[in-house]
Amino acid sequence: MPTGPTDPASKPIRVLALVRQRALDHAARLLLLSLAVHAVALAVAPPDPFDLRVYWEAAPQVRTGELYDFRLAPSGLPFTYPPFAAVVFLPLSYVPWPVAVVGWHLLSLGALAVVVGCAGRLLPNAPSPRRGLGRDRVMLWVAGALWLEPVRHTLDLGQVNLLLAALVLWGLASAREAGAVGAAVGVAAGVKLTPAVGGAYLLVTRQWKAALAAGGVFVGTLALGWSVAPRESERYWSSLVVEPERVGQVTSVRNQSLRGALGRALGHDVGFDAPWLLAALVVIALAGYAGWVAARRADLLGALVAVQLTGLLLVPISWSHHWVWCVPTMIWLLYGPGRRALRLAAFAAWAFAAAGRVVPQLNRVEEVLPAGAPALLAAAGWVYAVCALLTLAAIAKAGPARTGRAAQRRPRPASEALGRV
């Protein structure tokens with residue numbers, strides 16, 4: 001039955017449209033309100049940015065040959081990144097600690113805005129064709145994303161995740177030359193290995209020159225790290241890089257990777273044995289098809305989300321704060337192509353998991369359990385993995401470009417496809 005202005009079913013739609021328009025009209029005020037509440041929360045309950053403290057204290061050890069002997073007192077946290085990362089963090093150690101904390105926090109907030117803005121530019125059907133999401137939507141997304149658990153956890157710990165995601169997205173969405181695109185991915189991978197999956201995105205979207213540049217820059221970061229700290233480089237690349245237990249407990253509920261979820265479900269770390277291998281093959285097959293579909297549609301953000309989520313699933317450890325890629329993911333789910341019902345279902349799952357702070361709640365339960373995790377907790381510990389799989393399914397179900405020239409269209413490099421944005 002057709003609906004009209006007097007149809008009762010249309011009233012909720014009109015109300016939602018009105019709320020959305022009012023929010024857009026007051027986007028700047030809502031952003032300022034969100035930032036003000038964030039500032040009050042920091043003043044009332046100041047976080048302990050101990051990851052930033054590791055960067056700040058450990059970086060000078062790259063010159064002494066004791067980088068990987070460092071332990072942050074009293075927690076005993078080690079430095080877990082490649083030697084190149086310590087070189088990058090070295091200037092930070094010359095800044096007084098309070099200045100470093102405030103400066104890093106402000107940089108991370110700026111990086112969140114870059115993540116949102118650049119993700120919008122990669123949308124194939126952006127709300128604002130020439131400016132991605134548009135200024136008002138970017139402000140609204142930053143205001144809301146500030147309260148998602150991976151973002152808040154990154155800010156509270158002083159983690160580098162937002163800065164690296166912003167670097168990668170800036171390179172993919174805004175850099176004009178293939179060399180700059182590749183350099184952004186290569187440098188990010190040199191600091192922390194997980195962004196290296198961005199190289200797969202460059203291959204999926206056929207940005208061959210950028211992929212070569214990313215590989216070359218990454219090798220350059222290895223060479224620089226080796227020249228500054230040869231002994232530490234040898235230690236890291238020969239043994240430490242394949243020891244996830246050094247980073248933390250693999251089966252902790254805070255680890256939302258496929259290996260962590262399987263370990264909790266089976267009661268022990270599965271390593272890379274048959275259960276992980278079988279699950280990984282399923283994920284790779286689904287992600288591969290999703291990436292192919294997105295590439296056929298010239299859907300740059302969909303392809304990037306597919307690659308990044310796959311990387312987070314397949315690495316041994318993906319702490320919940322690594323999942324800041326939920327922000328570009330949720331942007332694609334709300335504005336991307338394909339079946340709206342499936343996209344909205346995946347969006348709702350992410351909103352529940354990330355805004356509801358499910359992982360920290362599970363972590364509190366896990367800490368008070370006398371021994372092991374019950375089956376219900378083990379199942380709930382799949383939360384980000386399930387959200388990722390739903391997203392990959394939504395991207396895959398978007399379908400390739402239907403017919404005619406659109407079906408034959410190859411995705412252009414972001415630097416070309418977005419040259420006029």
# chains A, B, ... in the order shown; residues from 1 in each chain; ligands from 1
>>> residues_around(residues="A:Tyr55", least_positions_apart="6", cutoff="8 Å", atoms="only C-alpha atoms", output="list in words")
Phe79, Ala86, Phe89, Leu92 and Ser93 of chain A
>>> closest_atom_pairs(of="stretch 267-375 of chain A", to="stretch 384-390 of chain A", cutoff="12 Å", atoms="only C-alpha atoms", output="CSV")
residue,atom,partner,partner_atom,distance
A:Ala279,CA,A:Leu389,CA,11.5
A:Ala280,CA,A:Leu389,CA,11.7
A:Val282,CA,A:Leu389,CA,10.2
A:Val283,CA,A:Leu389,CA,7.7
A:Ile284,CA,A:Leu389,CA,10.7
A:Ala285,CA,A:Leu389,CA,11.5
A:Leu286,CA,A:Leu389,CA,8.4
A:Ala287,CA,A:Leu389,CA,8.7
A:Ala290,CA,A:Leu389,CA,10.6
A:Val305,CA,A:Ala388,CA,9.3
A:Ala306,CA,A:Ala388,CA,8.6
A:Val307,CA,A:Ala388,CA,10.7
A:Gln308,CA,A:Ala388,CA,9.7
A:Leu309,CA,A:Ala388,CA,6.1
A:Thr310,CA,A:Ala388,CA,7.9
A:Gly311,CA,A:Ala388,CA,10.6
A:Leu312,CA,A:Ala385,CA,8.8
A:Leu313,CA,A:Ala385,CA,6.7
A:Leu314,CA,A:Ala385,CA,10.2
A:Ser318,CA,A:Tyr384,CA,9.9
A:Trp319,CA,A:Tyr384,CA,10.2
A:Ser320,CA,A:Tyr384,CA,8.1
A:His321,CA,A:Tyr384,CA,11.1
A:His322,CA,A:Tyr384,CA,10.8
A:Trp323,CA,A:Tyr384,CA,8.2
A:Val324,CA,A:Tyr384,CA,11.2
A:Trp325,CA,A:Ala388,CA,10.2
A:Cys326,CA,A:Ala388,CA,8.7
A:Thr329,CA,A:Ala388,CA,8.9
A:Met330,CA,A:Cys387,CA,10.4
A:Leu333,CA,A:Leu390,CA,10.3
A:Ala341,CA,A:Leu390,CA,11.7
A:Leu342,CA,A:Leu390,CA,8.1
A:Arg343,CA,A:Leu390,CA,8.4
A:Leu344,CA,A:Leu390,CA,10.3
A:Ala345,CA,A:Leu390,CA,8.2
A:Ala346,CA,A:Leu390,CA,5.5
A:Phe347,CA,A:Cys387,CA,8.3
A:Ala348,CA,A:Cys387,CA,9.2
A:Ala349,CA,A:Cys387,CA,6.0
A:Trp350,CA,A:Cys387,CA,5.9
A:Ala351,CA,A:Cys387,CA,9.6
A:Phe352,CA,A:Cys387,CA,9.8
A:Ala353,CA,A:Tyr384,CA,7.1
A:Ala354,CA,A:Tyr384,CA,8.4
A:Arg357,CA,A:Tyr384,CA,11.1
A:Val358,CA,A:Tyr384,CA,9.4
A:Val359,CA,A:Tyr384,CA,8.6
>>> atom_distance(atom1="atom CA of A:Ala396", atom2="atom CA of A:Leu202")
18.5 Å
>>> closest_residue(among="A:Val168, A:Val204, A:Val138, A:Leu240", to="A:Tyr68", atoms="only C-alpha atoms")
A:Leu240
>>> residues_around(residues="A:Gly171", least_positions_apart="3", cutoff="7 Å", atoms="only C-alpha atoms", output="PyMOL selection string")
chain A and resi 167-168+174-175+180-181+184
>>> residues_around(residues="A:Asp273", least_positions_apart="4", cutoff="12 Å", atoms="only C-alpha atoms", output="count of residues only")
9
>>> select_by_dssp(residues="stretch 198-310 of chain A", states="helix (DSSP H, G or I)", output="MDAnalysis selection string")
chainID A and resid 198:204 208:228 230:238 240:242 244:246 258:266 274:296 300:310
>>> closest_residue(among="A:Gly190, A:Pro316, A:Gly356, A:Gly399", to="A:Trp147", atoms="only C-alpha atoms")
A:Gly356
>>> closest_residue(among="A:Tyr236, A:Phe218, A:Tyr201, A:Trp141", to="A:Ala294", atoms="only C-alpha atoms")
A:Tyr201
>>> residues_around(residues="A:Leu300", least_positions_apart="3", cutoff="8 Å", atoms="only C-alpha atoms", output="list of chain:residue names")
A:Leu122, A:Leu123, A:Pro124, A:Thr205, A:Ala294, A:Ala295, A:Ala303, A:Leu304, A:Pro411, A:Ala414
>>> select_by_dssp(residues="stretch 96-340 of chain A", states="strand (DSSP E or B)", output="MDAnalysis selection string")
chainID A and resid 128 132 255 319
>>> write_last_selection(atoms="C-alpha atoms", output="PDB file, in the first residue's frame")
ATOM      1  CA  SER A 128      28.291  15.938  -0.299  1.00  0.00           C
ATOM      2  CA  GLY A 132      32.689  13.893   1.231  1.00  0.00           C
ATOM      3  CA  ASN A 255      41.991  -9.297  22.506  1.00  0.00           C
ATOM      4  CA  TRP A 319      43.286  -5.079  21.564  1.00  0.00           C
TER       5      TRP A 319
END
>>> closest_residue(among="A:Val95, A:Leu258, A:Leu157, A:Ala229", to="A:Val270", atoms="only C-alpha atoms")
A:Leu258
>>> atom_distance(atom1="atom CA of A:Ser252", atom2="atom CA of A:Trp237")
25.0 Å
>>> atom_distance(atom1="atom CA of A:Val37", atom2="atom CA of A:Arg152")
12.9 Å
>>> closest_residue(among="A:Tyr335, A:Trp382, A:Trp292, A:Trp226", to="A:Ala265", atoms="only C-alpha atoms")
A:Trp382
>>> closest_residue(among="A:Leu109, A:Leu24, A:Ala100, A:Val217", to="A:Arg135", atoms="only C-alpha atoms")
A:Leu24
